[in-house]
Amino acid sequence: MTYENEVGGRSAMVAIVGRPNVGKSTLLNRFVGRKIAIVSQKPQTTRNRILGVATREDCQLAFLDTPGLMKPRNSLGDFMVRSVQSAMDSVDVCLLVTAAGSEISKADEELMRRFKEGYMPALLAINKIDLLQDKTQLMGQIEKYMQRFDFKAVVPISARSGSGVEALWQELEAYAQPGGFLFPEDTLTDQPEHVIASETVREKVLRLLEQEVPHGVAAVTEQFSERGELLDIRVTVYCEKQSHKGILIGKGGEMLKKIGASARQDLEKFFGCKVNLQLWVKVKEDWRQRPQTLQSLGFNRDDLDE
Ligand SMILES: Nc1nc2c(ncn2[C@@H]2O[C@H](COP(=O)(O)OP(=O)(O)OP(=O)(O)O)[C@@H](O)[C@H]2O)c(=O)[nH]1
Ligand SMILES: [Mg+2]
C-alpha cells in the first residue's frame with residue numbers, strides 16, 4: 001500500500017550500513033530531525049534495524065539504520081549481522097558510511113562485495129569531517145573506495161554538525177520513485193514508545209559504564225502507562241553476571257540513580273511530559289549466547305523474515 005499526497009509523492013528506501021561507530025545512527029537522527037536511535041562512543045550500540053522516515057514536500061526517504069557490521073561472536077551477533085542483510089534486501093539504494101581519515105575496513109570490503117553481488121546501487125558518505133585537520137586527505141580516501149566499488153556519489157559529511165547532509169539528501173532523492181509515499185507523511189519511526197524508553201536506558205548504560213558490562217546489557221520496558229500528565233515507565237536492565245549487577249547498581253545505588261536520572265531527562269524531552277522512571281536490575285546468565293532468551297528480550301527473528 002502507498003500513501004499519495006496531493007502532488008503525487010515520490011519515495012525511496014535507503015539502508016544505512018557500515019562498520020560500528022562511524023555515525024550511522026547519528027546520521028539517521030539528523031535526517032529524521034528527532035532522536036529515534038541511540039548513539040554512543042562504544043561500538044555495537046545499535047542492535048537491530050531501525051526505521052526512520054523523513055518527508056520533504058513531494059519526496060519521502062525511508063531509512064533503515066543497521067547495526068555496525070562485524071564478525072559475530074554469539075547469537076546476538078548473528079542476529080545483528082542478519083538484520084543488516086535483511087535491511088539491504090528491502091531497499092532501493094544503500095548508503096555506506098565511513099569515517100574521514102580511516103582505512104577501508106573488513107566490514108566495508110564485505111559490504112562492497114554484497115553491493116556488487118546484489119547489483120545494489122550505493123552511495124558513500126564520509127562522516128566526521130569535522131575531525132579532519134587536513135581536508136586534502138579526503139581525495140586519497142575517496143579514490144581508494146572508488147577503486148573497489150563504483151559508488152554513484154561520494155559525499156563528505158558531518159552527521160554531528162549537519163554539514164554536507166543536505167547535499168547527501170539531494171543525491172539520495174535521485175532514487176525516489178513516483179507512485180506515492182511508503183508511509184503516512186507524519187511518520188518518523190517504527191520504534192514503539194516502549195522501545196524508545198528501554199533503548200534510552202541502554203544508551204545511558206553504554207555512556208556511563210566502562211568495558212564489558214554495557215555490551216552484556218539488555219533493557220526491557222515492563223510498564224508504560226499514563227497517569228494524568230505523568231508517564232509511569234518501568235524498565236528492567238538485564239546483565240550477564242552477578243558482578244555486573246553490582247557495578248550497575250553501584251555503591252549505595254549511586255550508579256543506577258545516575259542512569260535513571262539521565263534517562264528520565266531524555267524521556268521527558270522526547271515525550272514532552274513528566275516521567276516517573278523506575279529501574280530494576282536482573283541477571284540472566286549468558287543471554288547473548290542463547291537464541292531462545294534473545295527472543296524473550298525482544299530480538300525477534302520474525303522481524304527479519306518479512
Ligand atoms: N566528531 C564527530 N563525531 C560523530 C559524528 N557523527 C557521529 N559521531 C560520534 O561517533 C560516535 C558513534 O556514533 P553512532 O551514531 O552511535 O555510530 P554508529 O555507526 O551508529 O555505531 P553502531 O551503532 O555501534 O554501529 C558517537 O560518539 C557520535 O557522537 C560526526 O560527524 N563528527
Ligand atoms: Mg548505531
# chains A, B, ... in the order shown; residues from 1 in each chain; ligands from 1
>>> residues_around(residues="range 218-222 of chain A", least_positions_apart="6", cutoff="12 Å", atoms="only C-alpha atoms", output="PyMOL selection string")
chain A and resi 45-47+76+192-206+232-240+277-288+293-299
>>> select_by_dssp(residues="range 19-141 of chain A", states="helix (DSSP H, G or I)", output="number ranges by chain")
A: 24-32, 75-89, 106-117, 129-131, 137-141
>>> closest_residue(among="A:Lys35, A:Lys106, A:Arg264, A:Arg56", to="Asp186 in chain A", atoms="only C-alpha atoms")
A:Arg56
>>> residues_around(residues="Ser75 in chain A", least_positions_apart="2", cutoff="8 Å", atoms="only C-alpha atoms", output="list in words")
Pro72, Arg73, Gly77, Asp78, Phe79, Arg288, Gln289, Arg290, Pro291 and Leu294 of chain A
>>> residues_around(residues="range 115-125 of chain A", least_positions_apart="2", cutoff="7 Å", atoms="only C-alpha atoms", output="PDB file with C-alpha atoms, in the first residue's frame")
ATOM      1  CA  VAL A  93      19.744   2.107  -2.512  1.00  0.00           C
ATOM      2  CA  CYS A  94      22.434   1.587   0.133  1.00  0.00           C
ATOM      3  CA  LEU A  95      24.378   4.274   1.933  1.00  0.00           C
ATOM      4  CA  LEU A  96      27.786   3.122   3.136  1.00  0.00           C
ATOM      5  CA  VAL A  97      29.046   5.299   5.970  1.00  0.00           C
ATOM      6  CA  THR A  98      32.721   5.510   6.835  1.00  0.00           C
ATOM      7  CA  LEU A 111      29.569  -4.648   2.238  1.00  0.00           C
ATOM      8  CA  MET A 112      31.003  -3.599  -1.133  1.00  0.00           C
ATOM      9  CA  ARG A 113      31.156  -7.276  -2.089  1.00  0.00           C
ATOM     10  CA  ASN A 127      31.461  11.146   8.036  1.00  0.00           C
ATOM     11  CA  PHE A 151      29.729   4.427  -5.908  1.00  0.00           C
ATOM     12  CA  LYS A 152      27.037   6.549  -7.522  1.00  0.00           C
ATOM     13  CA  ALA A 153      28.157   9.505  -5.412  1.00  0.00           C
ATOM     14  CA  VAL A 154      30.561  10.273  -2.578  1.00  0.00           C
ATOM     15  CA  VAL A 155      29.597  12.939  -0.058  1.00  0.00           C
ATOM     16  CA  PRO A 156      31.789  14.149   2.823  1.00  0.00           C
ATOM     17  CA  ILE A 157      29.605  14.988   5.807  1.00  0.00           C
TER      18      ILE A 157
END
>>> atom_distance(atom1="CA of Leu132 in chain A", atom2="CA of Val165 in chain A")
16.7 Å
>>> residues_near_ligand(ligand="ligand 2", cutoff="8 Å", atoms="only C-alpha atoms and all ligand atoms", output="list of chain:residue names")
A:Pro20, A:Asn21, A:Gly23, A:Lys24, A:Ser25, A:Thr26, A:Ala37, A:Ile38, A:Val39, A:Ser40, A:Gln44, A:Thr45, A:Thr46, A:Arg47, A:Asp65, A:Thr66, A:Pro67, A:Gly68
>>> residues_around(residues="Phe63 in chain A", least_positions_apart="5", cutoff="8 Å", atoms="only C-alpha atoms", output="short mmCIF file (atom, residue, chain, number, x, y, z; two decimals) with N, CA and C atoms, in the first residue's frame")
data_model
loop_
_atom_site.label_atom_id
_atom_site.label_comp_id
_atom_site.auth_asym_id
_atom_site.auth_seq_id
_atom_site.Cartn_x
_atom_site.Cartn_y
_atom_site.Cartn_z
N MET A 13 13.51 3.72 -0.33
CA MET A 13 14.01 3.11 0.91
C MET A 13 15.53 3.10 0.82
N VAL A 14 16.19 3.49 1.91
CA VAL A 14 17.65 3.59 1.94
C VAL A 14 18.18 2.82 3.14
N ALA A 15 19.13 1.90 2.94
CA ALA A 15 19.76 1.23 4.09
C ALA A 15 21.05 1.95 4.44
N ILE A 16 21.21 2.28 5.72
CA ILE A 16 22.45 2.91 6.18
C ILE A 16 23.33 1.81 6.78
N LEU A 28 21.06 9.03 10.92
CA LEU A 28 19.62 8.74 10.87
C LEU A 28 18.84 9.81 11.65
N ILE A 50 16.51 -0.07 12.48
CA ILE A 50 15.57 0.95 12.95
C ILE A 50 15.10 1.76 11.75
N LEU A 51 13.79 1.86 11.60
CA LEU A 51 13.25 2.66 10.50
C LEU A 51 13.12 4.12 10.93
N GLY A 52 13.61 5.01 10.07
CA GLY A 52 13.43 6.45 10.29
C GLY A 52 12.93 7.07 9.00
N VAL A 53 11.86 7.85 9.07
CA VAL A 53 11.26 8.38 7.85
C VAL A 53 11.35 9.90 7.83
#
>>> closest_residue(among="A:Arg227, A:Lys128, A:Lys241, A:Lys135", to="Gly164 in chain A", atoms="only C-alpha atoms")
A:Lys128
>>> select_by_dssp(residues="range 94-184 of chain A", states="strand (DSSP E or B)", output="PyMOL selection string")
chain A and resi 94-99+122-127+154-156+177-178+181
>>> atom_distance(atom1="CA of Gln223 in chain A", atom2="CA of Leu248 in chain A")
20.6 Å
>>> residues_around(residues="Arg30 in chain A", least_positions_apart="3", cutoff="8 Å", atoms="only C-alpha atoms", output="compact mmCIF listing (two decimals) with C-alpha atoms, in the first residue's frame")
# COMPACT_ATOMS: atom_id res chain seq x y z
CA THR A 26 23.68 9.98 14.35
CA LEU A 27 23.02 10.44 10.63
CA GLY A 33 15.18 15.56 12.82
CA ARG A 34 14.46 13.71 16.05
CA LYS A 35 16.48 11.35 18.22
CA ALA A 159 26.39 13.99 10.90
CA ARG A 160 27.10 15.76 14.17
CA GLY A 162 24.87 18.65 9.79
>>> atom_distance(atom1="atom 13 (O, counted along the ligand's line) of ligand 1", atom2="CA of Lys42 in chain A")
7.9 Å
>>> closest_residue(among="A:Ile249, A:Val22, A:Val275, A:Ala87", to="Asp108 in chain A", atoms="only C-alpha atoms")
A:Val22
>>> residues_around(residues="His244 in chain A", least_positions_apart="6", cutoff="9 Å", atoms="only C-alpha atoms", output="list in words")
Glu212, Val213, Gly216 and Val283 of chain A
>>> decode(residues="range 146-157 of chain A", atoms="C-alpha atoms", output="tab-separated table (two decimals), in the first residue's frame")
chain	number	residue	atom	x	y	z
A	146	MET	CA	36.16	4.22	-5.87
A	147	GLN	CA	38.82	1.73	-6.93
A	148	ARG	CA	36.91	-1.01	-5.12
A	149	PHE	CA	33.34	-0.10	-5.99
A	150	ASP	CA	31.61	2.23	-8.39
A	151	PHE	CA	29.73	4.43	-5.91
A	152	LYS	CA	27.04	6.55	-7.52
A	153	ALA	CA	28.16	9.51	-5.41
A	154	VAL	CA	30.56	10.27	-2.58
A	155	VAL	CA	29.60	12.94	-0.06
A	156	PRO	CA	31.79	14.15	2.82
A	157	ILE	CA	29.61	14.99	5.81
